[in-house]
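Structure below is upload_31.pdb: PDB, C-alpha atoms.
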ATOM      1  CA  MET A   1      -5.247  -0.640 -16.435
ATOM      2  CA  ASN A   2      -3.552  -3.998 -16.908
ATOM      3  CA  ILE A   3      -5.577  -7.030 -15.796
ATOM      4  CA  LEU A   4      -3.293  -9.807 -14.531
ATOM      5  CA  TYR A   5      -5.878 -12.374 -13.417
ATOM      6  CA  GLU A   6      -9.636 -12.680 -13.655
ATOM      7  CA  ASP A   7     -12.299 -15.262 -12.795
ATOM      8  CA  ASN A   8     -15.900 -15.286 -11.586
ATOM      9  CA  ALA A   9     -14.937 -14.286  -8.030
ATOM     10  CA  LEU A  10     -12.269 -11.623  -8.410
ATOM     11  CA  VAL A  11      -9.956  -9.633 -10.635
ATOM     12  CA  VAL A  12      -6.322  -8.666  -9.982
ATOM     13  CA  LEU A  13      -4.848  -5.723 -11.849
ATOM     14  CA  ASP A  14      -2.010  -3.244 -12.041
ATOM     15  CA  LYS A  15      -3.632   0.112 -11.238
ATOM     16  CA  PRO A  16      -2.108   3.039 -13.107
ATOM     17  CA  ALA A  17      -1.252   6.218 -11.262
ATOM     18  CA  GLY A  18      -3.906   8.879 -11.710
ATOM     19  CA  LEU A  19      -6.911   6.550 -11.575
ATOM     20  CA  SER A  20      -8.772   6.330  -8.266
ATOM     21  CA  SER A  21      -9.219   2.898  -6.713
ATOM     22  CA  GLU A  22     -12.702   3.632  -5.358
ATOM     23  CA  GLU A  23     -14.376   5.116  -8.442
ATOM     24  CA  GLY A  24     -12.024   5.127 -11.428
ATOM     25  CA  ILE A  25     -11.098   1.440 -11.429
ATOM     26  CA  PRO A  26     -14.658   0.113 -10.848
ATOM     27  CA  ALA A  27     -15.909   2.313 -13.706
ATOM     28  CA  ALA A  28     -13.101   1.096 -15.977
ATOM     29  CA  LEU A  29     -13.837  -2.536 -15.117
ATOM     30  CA  ARG A  30     -17.550  -2.164 -15.862
ATOM     31  CA  GLN A  31     -16.665  -0.604 -19.199
ATOM     32  CA  HIS A  32     -14.171  -3.408 -19.897
ATOM     33  CA  TRP A  33     -16.839  -6.017 -19.148
ATOM     34  CA  ASP A  34     -19.482  -3.993 -20.974
ATOM     35  CA  THR A  35     -21.718  -4.482 -17.941
ATOM     36  CA  PRO A  36     -22.748  -1.119 -16.432
ATOM     37  CA  ASP A  37     -24.284  -2.645 -13.306
ATOM     38  CA  ALA A  38     -21.552  -5.221 -12.571
ATOM     39  CA  PHE A  39     -20.650  -5.669  -8.902
ATOM     40  CA  VAL A  40     -17.139  -4.423  -8.092
ATOM     41  CA  GLY A  41     -16.154  -4.873  -4.462
ATOM     42  CA  VAL A  42     -13.430  -2.498  -3.270
ATOM     43  CA  VAL A  43     -11.697  -4.292  -0.385
ATOM     44  CA  HIS A  44      -8.510  -2.211  -0.162
ATOM     45  CA  ARG A  45      -7.271   1.060  -1.596
ATOM     46  CA  LEU A  46      -4.332   2.845  -3.196
ATOM     47  CA  ASP A  47      -3.864   6.596  -3.330
ATOM     48  CA  THR A  48      -4.856   7.992  -6.722
ATOM     49  CA  GLY A  49      -1.261   9.002  -7.482
ATOM     50  CA  VAL A  50       0.112   5.533  -6.653
ATOM     51  CA  SER A  51       0.308   2.583  -9.034
ATOM     52  CA  GLY A  52       0.398  -1.163  -8.537
ATOM     53  CA  LEU A  53      -1.345  -4.361  -7.578
ATOM     54  CA  MET A  54      -4.939  -4.449  -6.380
ATOM     55  CA  VAL A  55      -7.612  -7.136  -6.070
ATOM     56  CA  PHE A  56     -11.315  -6.390  -6.561
ATOM     57  CA  ALA A  57     -14.153  -8.777  -5.738
ATOM     58  CA  ARG A  58     -16.751  -9.678  -8.365
ATOM     59  CA  THR A  59     -19.355 -10.973  -5.909
ATOM     60  CA  PRO A  60     -20.520  -9.855  -2.461
ATOM     61  CA  ALA A  61     -19.418 -13.211  -1.017
ATOM     62  CA  ALA A  62     -15.883 -12.787  -2.389
ATOM     63  CA  ALA A  63     -15.760  -9.225  -1.068
ATOM     64  CA  ALA A  64     -16.742 -10.406   2.407
ATOM     65  CA  ALA A  65     -14.173 -13.218   2.351
ATOM     66  CA  LEU A  66     -11.337 -10.932   1.237
ATOM     67  CA  SER A  67     -12.325  -8.326   3.844
ATOM     68  CA  ARG A  68     -12.158 -11.022   6.529
ATOM     69  CA  GLN A  69      -8.648 -11.916   5.350
ATOM     70  CA  ILE A  70      -7.583  -8.284   5.640
ATOM     71  CA  THR A  71      -8.973  -8.100   9.176
ATOM     72  CA  GLN A  72      -7.239 -11.369  10.133
ATOM     73  CA  SER A  73      -3.955 -10.092   8.739
ATOM     74  CA  GLN A  74      -4.198  -6.794  10.601
ATOM     75  CA  GLU A  75      -4.818  -8.731  13.813
ATOM     76  CA  ALA A  76      -1.864 -11.041  13.081
ATOM     77  CA  TYR A  77       0.464  -8.091  12.438
ATOM     78  CA  ALA A  78      -0.706  -6.446  15.655
ATOM     79  CA  VAL A  79       0.403  -9.536  17.594
ATOM     80  CA  GLN A  80       3.675  -9.735  15.667
ATOM     81  CA  ASP A  81       4.680  -6.140  16.364
ATOM     82  CA  GLY A  82       3.438  -6.059  19.953
ATOM     83  CA  ARG A  83       0.320  -3.922  19.629
ATOM     84  CA  ALA A  84      -1.866  -6.828  20.746
ATOM     85  CA  GLU A  85      -1.554 -10.034  22.715
ATOM     86  CA  GLY A  86      -2.336 -13.505  21.493
ATOM     87  CA  ARG A  87      -0.953 -16.282  19.360
ATOM     88  CA  ALA A  88       1.058 -15.050  16.412
ATOM     89  CA  GLU A  89      -0.424 -16.240  13.120
ATOM     90  CA  ALA A  90       0.805 -15.755   9.589
ATOM     91  CA  PRO A  91      -1.030 -12.950   7.780
ATOM     92  CA  CYS A  92      -2.982 -14.297   4.814
ATOM     93  CA  PHE A  93      -3.491 -10.960   3.027
ATOM     94  CA  VAL A  94      -0.056  -9.431   2.462
ATOM     95  CA  LYS A  95       0.632  -6.098   0.764
ATOM     96  CA  GLN A  96       4.182  -5.200  -0.235
ATOM     97  CA  TYR A  97       5.434  -1.958  -1.686
ATOM     98  CA  ARG A  98       8.566  -0.362  -3.064
ATOM     99  CA  ALA A  99       9.417   3.323  -2.873
ATOM    100  CA  VAL A 100      12.175   5.700  -3.896
ATOM    101  CA  LEU A 101      13.183   7.827  -0.922
ATOM    102  CA  SER A 102      15.148  11.043  -0.899
ATOM    103  CA  GLY A 103      18.580  10.627   0.674
ATOM    104  CA  GLY A 104      20.126   7.502   2.095
ATOM    105  CA  PRO A 105      20.152   5.605   5.390
ATOM    106  CA  ASN A 106      21.096   7.654   8.444
ATOM    107  CA  ASP A 107      20.394   7.887  12.175
ATOM    108  CA  ALA A 108      16.759   8.834  11.542
ATOM    109  CA  LEU A 109      16.303   5.999   9.072
ATOM    110  CA  PRO A 110      18.538   2.927   9.506
ATOM    111  CA  ALA A 111      18.962   0.499   6.614
ATOM    112  CA  ALA A 112      16.122  -1.682   7.922
ATOM    113  CA  GLY A 113      13.588  -1.620  10.694
ATOM    114  CA  THR A 114      10.029  -1.005  11.812
ATOM    115  CA  LEU A 115       8.439   2.444  11.798
ATOM    116  CA  ARG A 116       5.746   3.286  14.369
ATOM    117  CA  ASP A 117       3.849   6.549  14.464
ATOM    118  CA  TRP A 118       0.605   8.091  15.655
ATOM    119  CA  LEU A 119      -1.099   9.674  12.650
ATOM    120  CA  PHE A 120      -3.886  12.231  12.513
ATOM    121  CA  LYS A 121      -5.920  12.592   9.324
ATOM    122  CA  ASP A 122      -7.059  16.162   8.652
ATOM    123  CA  SER A 123      -9.869  15.592   6.152
ATOM    124  CA  ARG A 124     -10.440  19.301   5.562
ATOM    125  CA  ARG A 125      -6.844  19.837   4.464
ATOM    126  CA  GLY A 126      -6.469  16.467   2.766
ATOM    127  CA  ARG A 127      -3.298  15.713   4.720
ATOM    128  CA  VAL A 128      -2.094  13.351   7.404
ATOM    129  CA  PHE A 129       0.157  14.504  10.250
ATOM    130  CA  PRO A 130       2.312  12.575  12.734
ATOM    131  CA  VAL A 131       1.515  13.476  16.346
ATOM    132  CA  SER A 132       3.242  12.697  19.617
ATOM    133  CA  ARG A 133       0.484  10.769  21.392
ATOM    134  CA  PRO A 134      -2.923   9.174  20.860
ATOM    135  CA  ARG A 135      -6.066  11.288  21.030
ATOM    136  CA  LYS A 136      -9.381  11.532  19.213
ATOM    137  CA  GLY A 137      -8.942  10.936  15.496
ATOM    138  CA  VAL A 138      -5.410   9.553  15.884
ATOM    139  CA  ARG A 139      -4.492   6.016  14.789
ATOM    140  CA  GLU A 140      -1.296   4.026  15.125
ATOM    141  CA  ALA A 141       0.633   3.234  11.942
ATOM    142  CA  VAL A 142       3.226   0.474  11.650
ATOM    143  CA  LEU A 143       5.304  -0.755   8.728
ATOM    144  CA  GLU A 144       8.428  -2.814   8.120
ATOM    145  CA  TYR A 145      11.040  -1.721   5.590
ATOM    146  CA  ARG A 146      14.500  -2.402   4.303
ATOM    147  CA  ILE A 147      16.651  -0.348   1.976
ATOM    148  CA  VAL A 148      17.902  -2.574  -0.817
ATOM    149  CA  ARG A 149      19.767  -0.179  -3.125
ATOM    150  CA  GLN A 150      21.001   3.384  -2.992
ATOM    151  CA  THR A 151      22.609   6.126  -5.028
ATOM    152  CA  GLN A 152      24.252   9.329  -3.886
ATOM    153  CA  ASP A 153      20.967  11.129  -3.219
ATOM    154  CA  ALA A 154      18.239   8.466  -3.176
ATOM    155  CA  CYS A 155      17.486   4.937  -2.028
ATOM    156  CA  LEU A 156      15.099   2.133  -2.915
ATOM    157  CA  ALA A 157      13.057   0.717  -0.045
ATOM    158  CA  GLU A 158      10.958  -2.449   0.167
ATOM    159  CA  ILE A 159       8.002  -2.079   2.532
ATOM    160  CA  THR A 160       5.437  -4.363   4.160
ATOM    161  CA  LEU A 161       2.426  -2.661   5.708
ATOM    162  CA  HIS A 162       1.180  -3.797   9.110
ATOM    163  CA  THR A 163      -1.601  -1.203   9.147
ATOM    164  CA  GLY A 164      -3.468   0.489   6.318
ATOM    165  CA  ARG A 165      -3.650   4.173   7.225
ATOM    166  CA  THR A 166      -4.248   6.970   4.746
ATOM    167  CA  HIS A 167      -0.965   8.197   3.197
ATOM    168  CA  GLN A 168       0.857   6.046   5.753
ATOM    169  CA  ILE A 169       4.019   5.219   3.815
ATOM    170  CA  ARG A 170       4.333   8.752   2.500
ATOM    171  CA  VAL A 171       3.943  10.392   5.913
ATOM    172  CA  GLN A 172       6.077   7.980   7.920
ATOM    173  CA  PHE A 173       9.127   8.400   5.702
ATOM    174  CA  ALA A 174       8.605  12.140   5.168
ATOM    175  CA  SER A 175       8.482  12.688   8.941
ATOM    176  CA  ARG A 176      12.022  11.287   9.074
ATOM    177  CA  LYS A 177      13.208  13.735   6.377
ATOM    178  CA  HIS A 178      13.120  11.083   3.652
ATOM    179  CA  PRO A 179      10.098  12.035   1.512
ATOM    180  CA  LEU A 180       9.162   9.894  -1.444
ATOM    181  CA  TRP A 181      10.383  11.225  -4.773
ATOM    182  CA  GLY A 182       7.693  13.286  -6.487
ATOM    183  CA  ASP A 183       5.546  13.590  -3.381
ATOM    184  CA  GLY A 184       5.341  17.365  -3.152
ATOM    185  CA  LYS A 185       2.493  17.207  -0.643
ATOM    186  CA  TYR A 186       4.875  15.716   1.918
ATOM    187  CA  GLY A 187       8.079  17.576   1.222
ATOM    188  CA  SER A 188       9.689  16.270  -1.973
ATOM    189  CA  ARG A 189      11.401  18.933  -4.058
ATOM    190  CA  VAL A 190      11.341  16.655  -7.096
ATOM    191  CA  LYS A 191       8.493  17.112  -9.575
ATOM    192  CA  GLY A 192       6.771  14.127 -11.113
ATOM    193  CA  ALA A 193       4.740  11.077 -10.126
ATOM    194  CA  ILE A 194       4.951   9.733  -6.584
ATOM    195  CA  ALA A 195       7.606   7.004  -6.568
ATOM    196  CA  LEU A 196       5.525   4.411  -4.731
ATOM    197  CA  GLN A 197       4.385   1.091  -6.171
ATOM    198  CA  SER A 198       2.268  -1.718  -4.781
ATOM    199  CA  CYS A 199       4.572  -4.450  -6.042
ATOM    200  CA  GLY A 200       3.460  -7.580  -4.159
ATOM    201  CA  LEU A 201       0.069  -8.990  -3.227
ATOM    202  CA  GLN A 202      -0.811 -12.317  -1.622
ATOM    203  CA  PHE A 203      -4.181 -13.635  -0.490
ATOM    204  CA  VAL A 204      -6.247 -16.815  -0.372
ATOM    205  CA  HIS A 205      -8.745 -17.304  -3.169
ATOM    206  CA  PRO A 206     -12.185 -17.087  -1.529
ATOM    207  CA  ASP A 207     -13.633 -19.931  -3.623
ATOM    208  CA  THR A 208     -10.769 -22.384  -4.183
ATOM    209  CA  GLY A 209      -8.658 -21.784  -1.067
ATOM    210  CA  ARG A 210      -5.579 -21.528  -3.270
ATOM    211  CA  ILE A 211      -2.840 -19.072  -2.298
ATOM    212  CA  MET A 212      -2.695 -16.336  -4.924
ATOM    213  CA  ASN A 213       0.625 -14.519  -5.228
ATOM    214  CA  PHE A 214       1.354 -11.630  -7.591
ATOM    215  CA  THR A 215       4.453  -9.468  -8.082
ATOM    216  CA  LEU A 216       5.424  -6.609 -10.371
ATOM    217  CA  PRO A 217       8.896  -5.855 -11.739
ATOM    218  CA  LEU A 218      10.770  -2.656 -10.995
ATOM    219  CA  PRO A 219       9.450   0.051 -13.361
ATOM    220  CA  ASP A 220      11.848   1.112 -16.090
ATOM    221  CA  THR A 221      10.981   4.814 -15.839
ATOM    222  CA  ALA A 222      12.590   7.550 -13.747
ATOM    223  CA  PRO A 223      13.415   7.540 -10.895
ATOM    224  CA  TRP A 224      13.083   3.737 -10.674
ATOM    225  CA  ASN A 225      15.642   3.221 -13.428
ATOM    226  CA  LEU A 226      18.322   4.648 -11.133
ATOM    227  CA  PHE A 227      18.262   1.243  -9.417
ATOM    228  CA  ALA A 228      18.150  -1.060 -12.429
ATOM    229  CA  GLU A 229      20.674  -3.888 -12.253
TER     230      GLU A 229
END
Can you turn what I pasted into structure tokens?
Amino acid sequence: MNILYEDNALVVLDKPAGLSSEEGIPAALRQHWDTPDAFVGVVHRLDTGVSGLMVFARTPAAAAALSRQITQSQEAYAVQDGRAEGRAEAPCFVKQYRAVLSGGPNDALPAAGTLRDWLFKDSRRGRVFPVSRPRKGVREAVLEYRIVRQTQDACLAEITLHTGRTHQIRVQFASRKHPLWGDGKYGSRVKGAIALQSCGLQFVHPDTGRIMNFTLPLPDTAPWNLFAE
């Protein structure tokens, strides 16, 4: 766990793969602070097998403010991509990702675009499935992406989430026959860690009003190093 920024209201860190965002990181932070009962507000989540940027609140007031920013941003994206009507505003809480996908651009996955799917979360099986139409338990998932580099059998995609559904990125690309490298649950034949990183995070500091912007470099491990310049 690499802490990138910390003050009395919040902490921003690079979550390692394998540590859960809801229990593992809060426990590690309390140990780091040597304060067993410290407040750690979880305002957004990453899958346990995914690494990258996260912000945690250190006070209930900061947690509420960051949660409001997430709600505002989801509403702004819904107007931007046509799921809702209203005046388009700029999202204030922005989450950006990068992923290594199997294969390259094709008819099912152009070099850039917006993916829209109806997703059903099967909690008993621990999986998410794309379905053809809305029904009980189904939620719409939307993301923007662009493929920025490619090799003969893989490509590097940059992704901005409009919605925050469970396993969303993994399922949306896998359903188009482009599973993320290492994601055996959703069809990858490659063994290893899931090649998905939360690489960009922007929000407004709940106390100062300052725009906070964090980015991570491309990892230097496989399969990321296939795309090193």
Excluding same-chain residues fewer than 3 positions from range 193-202 of chain A, what lies within 9 Å of it counting only C-alpha atoms, as an NGL selection string?
-> :A and (14-15 or 17 or 46 or 49-55 or 92-101 or 169-170 or 180-184 or 211-219 or 222-224)
Given all atoms listed in the file as the counted atoms, nearest of A:Ala157, A:Leu143, A:Val131, A:Leu10 to Gln74 in chain A |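 Nearest candidate to Gln74 in chain A out of A:Ala157, A:Leu143, A:Val131, A:Leu10: A:Leu143.
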Considering only C-alpha atoms, state which residue in the set A:Thr160, A:Thr35, A:Ser132, A:Gln168 is at the smallest distance from Arg146 in chain A.
-> A:Thr160
Could you work out an axis-aligned bounding box for all listed atoms of range 119-125 of chain A, with 8 Å added on each of the six sides, and give its centre and edge lengths in Å to one decimal, as JSON?
{"center_x": -5.8, "center_y": 14.8, "center_z": 8.6, "size_x": 25.3, "size_y": 26.2, "size_z": 24.2}
Apply the PyMOL selection byres ((chain A and resi 45) around 8) to the displayed file and report the matching residues as a ChimeraX atom specification.
-> /A:21-22,42-44,46-47,54
Evaluating the PyMOL selection byres ((chain A and resi 149) around 10) on the displayed file yields which residues, as a list in words?
->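 Applied to this file, the PyMOL selection byres ((chain A and resi 149) around 10) returns Val100, Gly104, Ala111, Arg146, Ile147, Val148, Gln150, Thr151, Ala154, Cys155, Leu156, Ala157, Glu158, Leu226, Phe227, Ala228 and Glu229 of chain A.
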Which one is closest to Tyr5 in chain A: A:Asn225, A:His205, A:Ala88, A:Leu19? Count all atoms listed in the file.
-> A:His205
Interatomic distance between CA of Gln31 in chain A and CA of Ala61 in chain A?
->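 Straight-line distance from CA of Gln31 in chain A to CA of Ala61 in chain A works out to 22.3 Å.
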Hey, can you check how far CA of Arg125 in chain A sits from CA of Ile25 in chain A?
->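 Separation between CA of Arg125 in chain A and CA of Ile25 in chain A: 24.7 Å.
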Rounded to one decimal in Å, what is the spacing between CA of Arg83 in chain A and CA of Gly164 in chain A?
->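 CA of Gly164 in chain A lies at a distance of 14.5 Å from CA of Arg83 in chain A.
Run against this file, the PyMOL selection byres ((chain A and resi 60) around 12) gives back Asn8, Ala9, Leu10, Ala38, Phe39, Val40, Gly41, Val42, Val43, Phe56, Ala57, Arg58, Thr59, Ala61, Ala62, Ala63, Ala64, Ala65, Leu66, Ser67 and Pro206 of chain A.
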Residues near range 174-179 of chain A, cut-off 6 Å, only C-alpha atoms, skip fewer than 5 positions along chain, as a count of residues only = 5
Which residue of A:Pro91, A:Pro110, A:Pro134, A:Pro26 approaches Ser73 in chain A most closely, using all atoms listed in the file |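 Among the listed residues, the smallest separation from Ser73 in chain A belongs to A:Pro91.
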Selected residue, from A:Leu115, A:Ala84, A:Val11, A:Val138, that lies nearest to Leu161 in chain A when counting only C-alpha atoms =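 Going through A:Leu115, A:Ala84, A:Val11, A:Val138 one by one, the smallest distance to Leu161 in chain A is for A:Leu115.
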With all atoms listed in the file as the atoms that count, which of A:Glu75, A:Asp34, A:Asp7, A:Glu23 lies nearest to Thr163 in chain A?
-> A:Glu75
